[in-house]
file target_34.txt (compact mmCIF, C-alpha atoms)
# COMPACT_ATOMS: atom_id res chain seq x y z
CA MET K 1464 -18.44 -11.78 -6.22
CA LEU K 1465 -14.99 -12.34 -4.70
CA LYS K 1466 -12.95 -14.87 -6.65
CA SER K 1467 -10.65 -16.05 -3.83
CA GLU K 1468 -8.83 -14.85 -0.77
CA ILE K 1469 -5.85 -12.54 -1.13
CA SER K 1470 -2.55 -14.29 -0.36
CA GLY K 1471 0.95 -14.51 -1.73
CA ALA K 1472 2.70 -11.88 -3.85
CA GLY K 1473 0.81 -9.63 -6.25
CA ILE K 1474 1.69 -6.83 -8.65
CA GLY K 1475 0.18 -3.49 -9.53
CA LEU K 1476 -2.00 -3.46 -12.64
CA ARG K 1477 -0.56 -0.95 -15.13
CA LEU K 1478 -2.00 -0.19 -18.53
CA LEU K 1479 1.33 -0.97 -20.25
CA HIS K 1480 1.13 -4.57 -19.02
CA ALA K 1481 -2.63 -5.15 -19.01
CA GLN K 1482 -3.11 -6.60 -22.50
CA GLN K 1483 -0.15 -8.99 -22.21
CA LEU K 1484 -1.25 -10.03 -18.73
CA LEU K 1485 -4.73 -10.87 -20.01
CA ALA K 1486 -3.58 -12.51 -23.24
CA ASP K 1487 -1.06 -14.92 -21.70
CA GLU K 1488 -2.95 -17.50 -19.66
CA SER K 1489 0.33 -19.06 -18.51
CA ILE K 1490 1.02 -16.04 -16.29
CA GLU K 1491 0.10 -16.95 -12.74
CA VAL K 1492 -0.24 -13.94 -10.45
CA PRO K 1493 -2.34 -14.54 -7.32
CA TRP K 1494 -3.79 -11.00 -7.20
CA LEU K 1495 -3.55 -7.47 -8.57
CA GLU K 1496 -3.59 -4.07 -6.93
CA VAL K 1497 -5.46 -1.40 -8.90
CA LEU K 1498 -4.49 2.24 -8.39
CA ALA K 1499 -8.04 3.54 -8.57
CA ASP K 1500 -7.10 7.05 -9.69
CA ASN K 1501 -5.75 5.64 -12.98
CA TRP K 1502 -9.05 3.96 -13.84
CA LEU K 1503 -11.77 6.43 -12.81
CA VAL K 1504 -12.84 7.04 -16.40
CA ALA K 1505 -16.30 6.03 -17.60
CA GLY K 1506 -16.26 3.63 -20.58
CA GLY K 1507 -13.41 3.24 -23.02
CA LEU K 1508 -10.54 0.77 -23.33
CA ASN K 1509 -9.27 1.20 -19.79
CA GLN K 1510 -12.59 0.17 -18.27
CA HIS K 1511 -12.81 -2.82 -20.61
CA LEU K 1512 -9.34 -4.00 -19.59
CA LEU K 1513 -10.03 -3.44 -15.91
CA GLN K 1514 -13.25 -5.43 -16.07
CA ALA K 1515 -11.49 -8.26 -17.87
CA ALA K 1516 -8.69 -8.24 -15.29
CA SER K 1517 -11.15 -8.33 -12.39
CA GLU K 1518 -12.89 -11.35 -13.91
CA ARG K 1519 -9.59 -13.28 -14.01
CA PHE K 1520 -7.68 -12.03 -10.96
CA PRO K 1521 -8.61 -11.11 -7.38
CA ILE K 1522 -8.33 -7.33 -6.99
CA VAL K 1523 -7.55 -4.86 -4.21
CA LEU K 1524 -8.00 -1.07 -4.58
CA HIS K 1525 -5.49 1.61 -3.68
CA SER K 1526 -5.79 5.39 -4.11
CA VAL K 1527 -3.83 8.61 -3.63
CA GLY K 1528 -6.55 11.26 -3.96
CA LEU K 1529 -8.55 11.27 -0.73
CA SER K 1530 -6.20 13.47 1.37
CA LEU K 1531 -7.26 11.81 4.61
CA GLY K 1532 -5.32 14.24 6.77
CA GLY K 1533 -6.16 17.38 4.80
CA PRO K 1534 -8.14 20.43 6.01
CA ASN K 1535 -10.84 20.25 3.34
CA PRO K 1536 -14.02 18.18 3.85
CA LEU K 1537 -13.70 14.66 2.48
CA ASP K 1538 -14.64 14.50 -1.21
CA VAL K 1539 -17.80 12.39 -1.09
CA ASN K 1540 -18.05 12.32 -4.90
CA TYR K 1541 -14.54 10.86 -5.08
CA LEU K 1542 -15.40 8.29 -2.43
CA GLN K 1543 -18.52 7.32 -4.35
CA GLN K 1544 -16.39 6.68 -7.42
CA ILE K 1545 -14.09 4.50 -5.34
CA LYS K 1546 -17.03 2.61 -3.87
CA THR K 1547 -18.55 2.04 -7.31
CA LEU K 1548 -15.22 0.84 -8.69
CA LYS K 1549 -14.85 -1.52 -5.76
CA GLN K 1550 -18.28 -2.99 -6.42
CA GLN K 1551 -17.58 -3.34 -10.16
CA THR K 1552 -14.27 -5.14 -9.67
CA GLY K 1553 -15.23 -7.18 -6.60
CA ALA K 1554 -12.15 -5.75 -4.87
CA HIS K 1555 -11.35 -7.27 -1.49
CA TRP K 1556 -10.36 -4.01 0.19
CA TYR K 1557 -9.51 -0.35 -0.29
CA SER K 1558 -6.39 1.43 0.98
CA GLU K 1559 -5.26 5.06 1.31
CA HIS K 1560 -2.41 7.04 2.86
CA ALA K 1561 -1.69 8.72 6.18
CA SER K 1562 -1.09 12.04 4.44
CA PHE K 1563 -2.61 15.16 2.93
CA SER K 1564 -2.36 16.77 -0.50
CA GLY K 1565 -2.94 20.49 0.03
CA ASN K 1566 -5.72 22.85 1.09
CA GLU K 1567 -8.39 25.03 -0.55
CA THR K 1568 -5.75 27.20 -2.22
CA TYR K 1569 -3.00 24.75 -3.10
CA LYS K 1570 -3.09 21.13 -4.22
CA VAL K 1571 0.10 19.17 -4.74
CA ALA K 1572 0.68 15.97 -6.67
CA ASP K 1573 2.35 14.32 -3.71
CA LEU K 1574 1.59 12.66 -0.39
CA LEU K 1575 2.58 15.13 2.33
CA PRO K 1576 3.28 13.72 5.81
CA LEU K 1577 1.18 14.73 8.80
CA PRO K 1578 2.44 16.12 12.11
CA TYR K 1579 2.74 13.30 14.61
CA THR K 1580 0.56 14.86 17.31
CA GLN K 1581 -2.40 13.69 19.38
CA GLU K 1582 -4.53 16.30 17.66
CA ALA K 1583 -3.62 14.86 14.25
CA VAL K 1584 -4.36 11.35 15.54
CA MET K 1585 -7.89 12.35 16.55
CA TYR K 1586 -8.53 14.41 13.41
CA THR K 1587 -7.31 11.77 10.97
CA SER K 1588 -9.06 8.97 12.85
CA GLN K 1589 -12.37 10.81 12.67
CA ARG K 1590 -11.99 11.18 8.90
CA ILE K 1591 -11.07 7.49 8.55
CA ARG K 1592 -14.19 6.54 10.51
CA GLN K 1593 -16.22 8.79 8.21
CA THR K 1594 -14.68 7.04 5.20
CA GLN K 1595 -15.34 3.61 6.67
CA ASP K 1596 -18.95 4.51 7.42
CA PHE K 1597 -19.37 5.56 3.79
CA MET K 1598 -17.63 2.47 2.40
CA GLY K 1599 -19.37 0.13 4.84
CA GLU K 1600 -16.10 -1.56 5.84
CA ARG K 1601 -12.69 -0.94 7.35
CA ILE K 1602 -10.03 0.51 5.07
CA LEU K 1603 -6.24 0.08 5.07
CA LEU K 1604 -3.99 3.02 6.04
CA GLU K 1605 -0.49 3.26 4.52
CA ASN K 1606 2.62 4.96 5.93
CA VAL K 1607 4.23 7.41 3.49
CA SER K 1608 7.83 8.36 2.69
CA THR K 1609 9.04 11.52 4.40
CA TYR K 1610 11.86 13.96 3.75
CA MET K 1611 11.74 16.29 6.77
CA SER K 1612 10.51 16.24 10.36
CA CYS K 1613 7.79 18.44 11.83
CA ARG K 1614 9.06 20.45 14.80
CA TYR K 1615 5.75 19.89 16.61
CA ASN K 1616 5.90 16.09 16.60
CA GLU K 1617 4.82 14.50 19.88
CA LEU K 1618 5.03 10.86 18.74
CA SER K 1619 7.27 8.75 16.58
CA GLU K 1620 5.86 7.79 13.19
CA GLY K 1621 5.24 4.22 14.35
CA GLU K 1622 3.43 5.41 17.47
CA PHE K 1623 1.40 7.81 15.34
CA ILE K 1624 0.28 5.15 12.86
CA ALA K 1625 -0.50 2.69 15.67
CA ALA K 1626 -2.56 5.30 17.55
CA ILE K 1627 -4.64 6.11 14.45
CA ALA K 1628 -5.23 2.42 13.73
CA ALA K 1629 -6.49 1.90 17.27
CA GLU K 1630 -8.63 5.06 17.39
CA ALA K 1631 -10.15 4.58 13.92
CA ASP K 1632 -10.26 0.76 14.16
CA CYS K 1633 -8.81 0.46 10.67
CA TYR K 1634 -6.38 -1.95 9.06
CA LEU K 1635 -2.87 -1.07 7.89
CA LEU K 1636 -0.92 -1.29 4.65
CA LEU K 1637 2.71 -1.46 5.66
CA ASP K 1638 5.04 -0.02 3.03
CA ILE K 1639 8.49 -1.44 3.77
CA ASN K 1640 10.15 0.73 1.12
CA ASN K 1641 8.58 3.90 2.52
CA ALA K 1642 9.75 2.95 5.99
CA PHE K 1643 13.30 2.44 4.72
CA VAL K 1644 13.33 5.71 2.76
CA THR K 1645 12.11 7.63 5.80
CA SER K 1646 14.64 5.95 8.10
CA VAL K 1647 17.52 6.98 5.84
CA ASN K 1648 16.27 10.50 5.10
CA LEU K 1649 15.57 11.33 8.74
CA GLN K 1650 18.34 9.15 10.22
CA GLN K 1651 15.82 7.22 12.29
CA SER K 1652 15.55 3.58 13.32
CA MET K 1653 13.53 1.50 10.90
CA SER K 1654 13.35 -1.36 13.37
CA SER K 1655 11.79 0.92 16.01
CA PHE K 1656 9.13 1.96 13.48
CA LEU K 1657 8.33 -1.64 12.58
CA GLN K 1658 8.18 -2.70 16.22
CA ALA K 1659 5.59 0.02 16.93
CA ILE K 1660 3.28 -1.16 14.14
CA PRO K 1661 0.54 -3.56 15.38
CA VAL K 1662 1.13 -6.52 13.08
CA GLU K 1663 -2.37 -7.89 13.74
CA ARG K 1664 -3.74 -4.92 11.78
CA VAL K 1665 -1.38 -5.31 8.79
CA LYS K 1666 -3.36 -6.82 5.89
CA GLN K 1667 -0.99 -5.89 3.06
CA ILE K 1668 2.63 -4.94 2.40
CA HIS K 1669 4.10 -2.73 -0.34
CA LEU K 1670 7.56 -3.21 -1.83
CA ALA K 1671 9.12 -0.78 -4.30
CA GLY K 1672 12.34 0.77 -5.54
CA PHE K 1673 13.67 4.21 -4.62
CA HIS K 1674 15.95 6.64 -6.45
CA ASP K 1675 19.17 7.46 -4.60
CA LYS K 1676 19.66 11.22 -5.08
CA GLY K 1677 22.92 11.28 -3.13
CA ASP K 1678 21.96 13.26 -0.05
CA TYR K 1679 18.48 11.72 0.21
CA LEU K 1680 16.36 8.85 -1.12
CA LEU K 1681 13.38 9.61 -3.38
CA ASP K 1682 10.39 7.26 -3.26
CA ALA K 1683 10.18 7.14 -7.05
CA HIS K 1684 8.93 3.58 -7.68
CA ASN K 1685 11.22 3.47 -10.71
CA HIS K 1686 13.81 0.86 -9.74
CA PRO K 1687 13.94 -2.75 -8.55
CA VAL K 1688 13.50 -3.32 -4.84
CA ASP K 1689 16.75 -2.46 -3.05
CA PRO K 1690 18.62 -5.34 -1.35
CA LYS K 1691 18.29 -3.59 2.03
CA VAL K 1692 14.53 -3.37 1.58
CA TRP K 1693 14.43 -7.06 0.64
CA ALA K 1694 16.40 -7.84 3.79
CA ALA K 1695 13.99 -5.82 5.97
CA PHE K 1696 11.01 -7.51 4.31
CA THR K 1697 12.51 -10.98 4.78
CA SER K 1698 13.18 -10.30 8.45
CA TYR K 1699 9.66 -8.98 9.00
CA ILE K 1700 8.02 -11.95 7.27
CA ASN K 1701 10.21 -14.46 9.08
CA GLN K 1702 9.19 -12.87 12.38
CA HIS K 1703 5.47 -12.41 11.72
CA GLY K 1704 4.54 -14.90 9.00
CA ALA K 1705 3.31 -14.48 5.44
CA ILE K 1706 1.29 -11.32 4.71
CA PRO K 1707 -0.07 -10.47 1.22
CA SER K 1708 2.64 -8.36 -0.42
CA MET K 1709 3.00 -6.69 -3.80
CA ILE K 1710 5.49 -4.89 -6.02
CA GLU K 1711 4.85 -1.23 -6.83
CA TRP K 1712 6.59 -0.05 -10.01
CA ASP K 1713 5.04 3.14 -11.38
CA SER K 1714 7.73 5.08 -13.28
CA ASP K 1715 10.18 3.94 -15.96
CA LEU K 1716 8.09 0.80 -16.20
CA PRO K 1717 9.95 -2.42 -16.97
CA THR K 1718 8.71 -5.24 -19.15
CA LEU K 1719 6.09 -7.47 -17.59
CA SER K 1720 8.61 -10.31 -17.42
CA ARG K 1721 11.00 -8.12 -15.42
CA LEU K 1722 8.22 -7.08 -13.05
CA LEU K 1723 7.32 -10.72 -12.54
CA GLN K 1724 10.92 -11.48 -11.60
CA GLU K 1725 10.55 -9.05 -8.69
CA GLN K 1726 7.19 -10.56 -7.82
CA GLN K 1727 8.75 -14.02 -7.72
CA VAL K 1728 11.38 -12.91 -5.20
CA ALA K 1729 8.59 -11.73 -2.89
CA ALA K 1730 6.63 -14.93 -3.52
CA ASP K 1731 9.62 -17.10 -2.60
CA ILE K 1732 10.15 -15.19 0.67
CA LEU K 1733 6.48 -15.56 1.58
CA GLN K 1734 6.47 -19.26 0.67
CA THR K 1735 9.54 -19.91 2.81
CA ALA K 1736 7.70 -18.38 5.78
CA VAL K 1737 4.63 -20.54 5.11
CA THR K 1738 6.76 -23.70 4.78
CA SER K 1739 8.65 -22.89 7.96
CA ARG K 1740 5.41 -22.29 9.86
CA ASP K 1741 3.86 -25.53 8.60
CA SER K 1742 7.00 -27.46 9.55
CA HIS K 1743 6.96 -25.93 13.01
CA VAL K 1744 3.30 -26.82 13.50
CA GLY K 1745 4.01 -30.38 12.36
CA ASP K 1746 6.89 -30.68 14.82
CA GLU K 1747 4.64 -29.50 17.67
CA GLN K 1748 1.96 -32.05 16.75
CA CYS K 1749 4.52 -34.86 16.75
CA ALA K 1750 5.99 -33.85 20.10
call {"tool": "encode", "arguments": {"input": "target_34.txt", "output": "structure tokens"}}
result
Amino acid sequence: MLKSEISGAGIGLRLLHAQQLLADESIEVPWLEVLADNWLVAGGLNQHLLQAASERFPIVLHSVGLSLGGPNPLDVNYLQQIKTLKQQTGAHWYSEHASFSGNETYKVADLLPLPYTQEAVMYTSQRIRQTQDFMGERILLENVSTYMSCRYNELSEGEFIAAIAAEADCYLLLDINNAFVTSVNLQQSMSSFLQAIPVERVKQIHLAGFHDKGDYLLDAHNHPVDPKVWAAFTSYINQHGAIPSMIEWDSDLPTLSRLLQEQQVAADILQTAVTSRDSHVGDEQCA
């Protein structure tokens, strides 16, 4: 049973923080994102903590293992595990990436970008529809960080993501950090990407920190959110209104209190947008 609607700023549930998060009832986080791949283990402590977390906090599911754009048939066994986990936690939705992770011979522990072609739009959309038929609901599709361009691209990344969302009739998870990393690495316009994304399909936003390697940015999720990413997020929220957003921090994990400091920055930005909207509506009613 769903506990409440998803709104405000959430955090990712990580095992390092789980016990403290559950033990301290003074911690107020509106929702948690669960990286499903970390919890697909039957029984044991992890499952106990996840169940306890889902009883206290609203949950959304995220995964990295489906390889939506890959050449292999979709892993139905993996999807069944996701569906079961979603039912067990009462998760509000499930999200995956616009990427692939190898073929029958090679599998990589990364999210490889797709070629931005009409053929890839149709292929990926068909696999998303297959996933949605299996799950019985629409999923969220996330843009990934990229480090090189495909010579066969026919569309911009924003046009590509928008075309898939329309063809598959899915929702979107907009990763502001990924968009910034890609814009720097490929010397592209981040604003053009954001303008191409249909905001009415964006149900969630990701924020994270990158690692500056000098000649490129690495989407490492091991630093605080960069000021330029905060600025892009603030601008987007001010333009479009509050959208559920969360902090991803996966490597070199900070203390829970430090993570919650990042979460509070996002929460304040979202609340400012809500307050501004409410004030504007009130002014219109008084006019």
call {"tool": "atom_distance", "arguments": {"input": "target_34.txt", "atom1": "atom CA of Asp1596 of chain K", "atom2": "atom CA of Gly1528 of chain K"}}
result
18.1 Å
call {"tool": "residues_near_point", "arguments": {"input": "target_34.txt", "point": "(-10.1, -5.8, -9.6)", "cutoff": "8 Å", "atoms": "all atoms listed in the file", "output": "ChimeraX atom specification"}}
result
/K:1495-1497,1513-1514,1516-1518,1520-1524,1549,1551-1554
call {"tool": "closest_residue", "arguments": {"input": "target_34.txt", "among": "K:Gln1651, K:Thr1697, K:Ser1470, K:Thr1645", "to": "His1555 of chain K", "atoms": "all atoms listed in the file"}}
result
K:Ser1470
call {"tool": "closest_residue", "arguments": {"input": "target_34.txt", "among": "K:Leu1637, K:Ile1660, K:Ile1624, K:Val1539", "to": "Tyr1579 of chain K", "atoms": "all atoms listed in the file"}}
result
K:Ile1624
call {"tool": "residues_around", "arguments": {"input": "target_34.txt", "residues": "Lys1666 of chain K", "least_positions_apart": "5", "cutoff": "9 Å", "atoms": "all atoms listed in the file", "output": "PyMOL selection string"}}
result
chain K and resi 1603+1634-1637+1706-1708
call {"tool": "residues_around", "arguments": {"input": "target_34.txt", "residues": "Ile1602 of chain K", "least_positions_apart": "6", "cutoff": "9 Å", "atoms": "all atoms listed in the file", "output": "NGL selection string"}}
result
:K and (1556-1559 or 1591 or 1594-1595 or 1633-1635)
call {"tool": "closest_residue", "arguments": {"input": "target_34.txt", "among": "K:Thr1718, K:Leu1649, K:Leu1484, K:Gln1726", "to": "Cys1613 of chain K", "atoms": "only C-alpha atoms"}}
result
K:Leu1649
call {"tool": "atom_distance", "arguments": {"input": "target_34.txt", "atom1": "atom CA of Pro1534 of chain K", "atom2": "atom CA of Met1611 of chain K"}}
result
20.3 Å
call {"tool": "atom_distance", "arguments": {"input": "target_34.txt", "atom1": "atom CA of Pro1661 of chain K", "atom2": "atom CA of Glu1600 of chain K"}}
result
19.3 Å
call {"tool": "residues_near_point", "arguments": {"input": "target_34.txt", "point": "(13.5, -7.3, 4.7)", "cutoff": "12 Å", "atoms": "all atoms listed in the file", "output": "VMD selection string"}}
result
chain K and resid 1638 to 1640 1642 to 1643 1653 to 1654 1657 1668 to 1671 1688 to 1703 1728 to 1729 1732 to 1733
call {"tool": "closest_residue", "arguments": {"input": "target_34.txt", "among": "K:Leu1542, K:Leu1537, K:Val1571, K:Val1492", "to": "Gln1589 of chain K", "atoms": "all atoms listed in the file"}}
result
K:Leu1537
call {"tool": "closest_residue", "arguments": {"input": "target_34.txt", "among": "K:Asn1641, K:Ser1526, K:Ser1619, K:Ser1646", "to": "Asn1501 of chain K", "atoms": "all atoms listed in the file"}}
result
K:Ser1526
call {"tool": "closest_residue", "arguments": {"input": "target_34.txt", "among": "K:Gln1650, K:Gln1543, K:Ser1562, K:Gln1581", "to": "Asp1678 of chain K", "atoms": "only C-alpha atoms"}}
result
K:Gln1650
call {"tool": "residues_around", "arguments": {"input": "target_34.txt", "residues": "Gln1724 of chain K", "least_positions_apart": "2", "cutoff": "12 Å", "atoms": "all atoms listed in the file", "output": "PDB file with C-alpha atoms, in the coordinates of the input"}}
result
ATOM      1  CA  ALA K1472       2.700 -11.880  -3.850  1.00  0.00           C
ATOM      2  CA  GLY K1473       0.810  -9.630  -6.250  1.00  0.00           C
ATOM      3  CA  ILE K1474       1.690  -6.830  -8.650  1.00  0.00           C
ATOM      4  CA  ILE K1490       1.020 -16.040 -16.290  1.00  0.00           C
ATOM      5  CA  VAL K1492      -0.240 -13.940 -10.450  1.00  0.00           C
ATOM      6  CA  PRO K1687      13.940  -2.750  -8.550  1.00  0.00           C
ATOM      7  CA  VAL K1688      13.500  -3.320  -4.840  1.00  0.00           C
ATOM      8  CA  ILE K1710       5.490  -4.890  -6.020  1.00  0.00           C
ATOM      9  CA  PRO K1717       9.950  -2.420 -16.970  1.00  0.00           C
ATOM     10  CA  THR K1718       8.710  -5.240 -19.150  1.00  0.00           C
ATOM     11  CA  LEU K1719       6.090  -7.470 -17.590  1.00  0.00           C
ATOM     12  CA  SER K1720       8.610 -10.310 -17.420  1.00  0.00           C
ATOM     13  CA  ARG K1721      11.000  -8.120 -15.420  1.00  0.00           C
ATOM     14  CA  LEU K1722       8.220  -7.080 -13.050  1.00  0.00           C
ATOM     15  CA  GLN K1726       7.190 -10.560  -7.820  1.00  0.00           C
ATOM     16  CA  GLN K1727       8.750 -14.020  -7.720  1.00  0.00           C
ATOM     17  CA  VAL K1728      11.380 -12.910  -5.200  1.00  0.00           C
ATOM     18  CA  ALA K1729       8.590 -11.730  -2.890  1.00  0.00           C
ATOM     19  CA  ALA K1730       6.630 -14.930  -3.520  1.00  0.00           C
ATOM     20  CA  ASP K1731       9.620 -17.100  -2.600  1.00  0.00           C
TER      21      ASP K1731
END
call {"tool": "residues_around", "arguments": {"input": "target_34.txt", "residues": "Asp1632 of chain K", "least_positions_apart": "2", "cutoff": "9 Å", "atoms": "only C-alpha atoms", "output": "VMD selection string"}}
result
chain K and resid 1588 1591 to 1592 1601 1627 to 1630 1634 1664
call {"tool": "residues_around", "arguments": {"input": "target_34.txt", "residues": "Gln1544 of chain K", "least_positions_apart": "4", "cutoff": "10 Å", "atoms": "all atoms listed in the file", "output": "list in words"}}
result
Ala1499, Asp1500, Leu1503, Val1504, Val1539, Asn1540, Leu1548, Lys1549 and Gln1550 of chain K
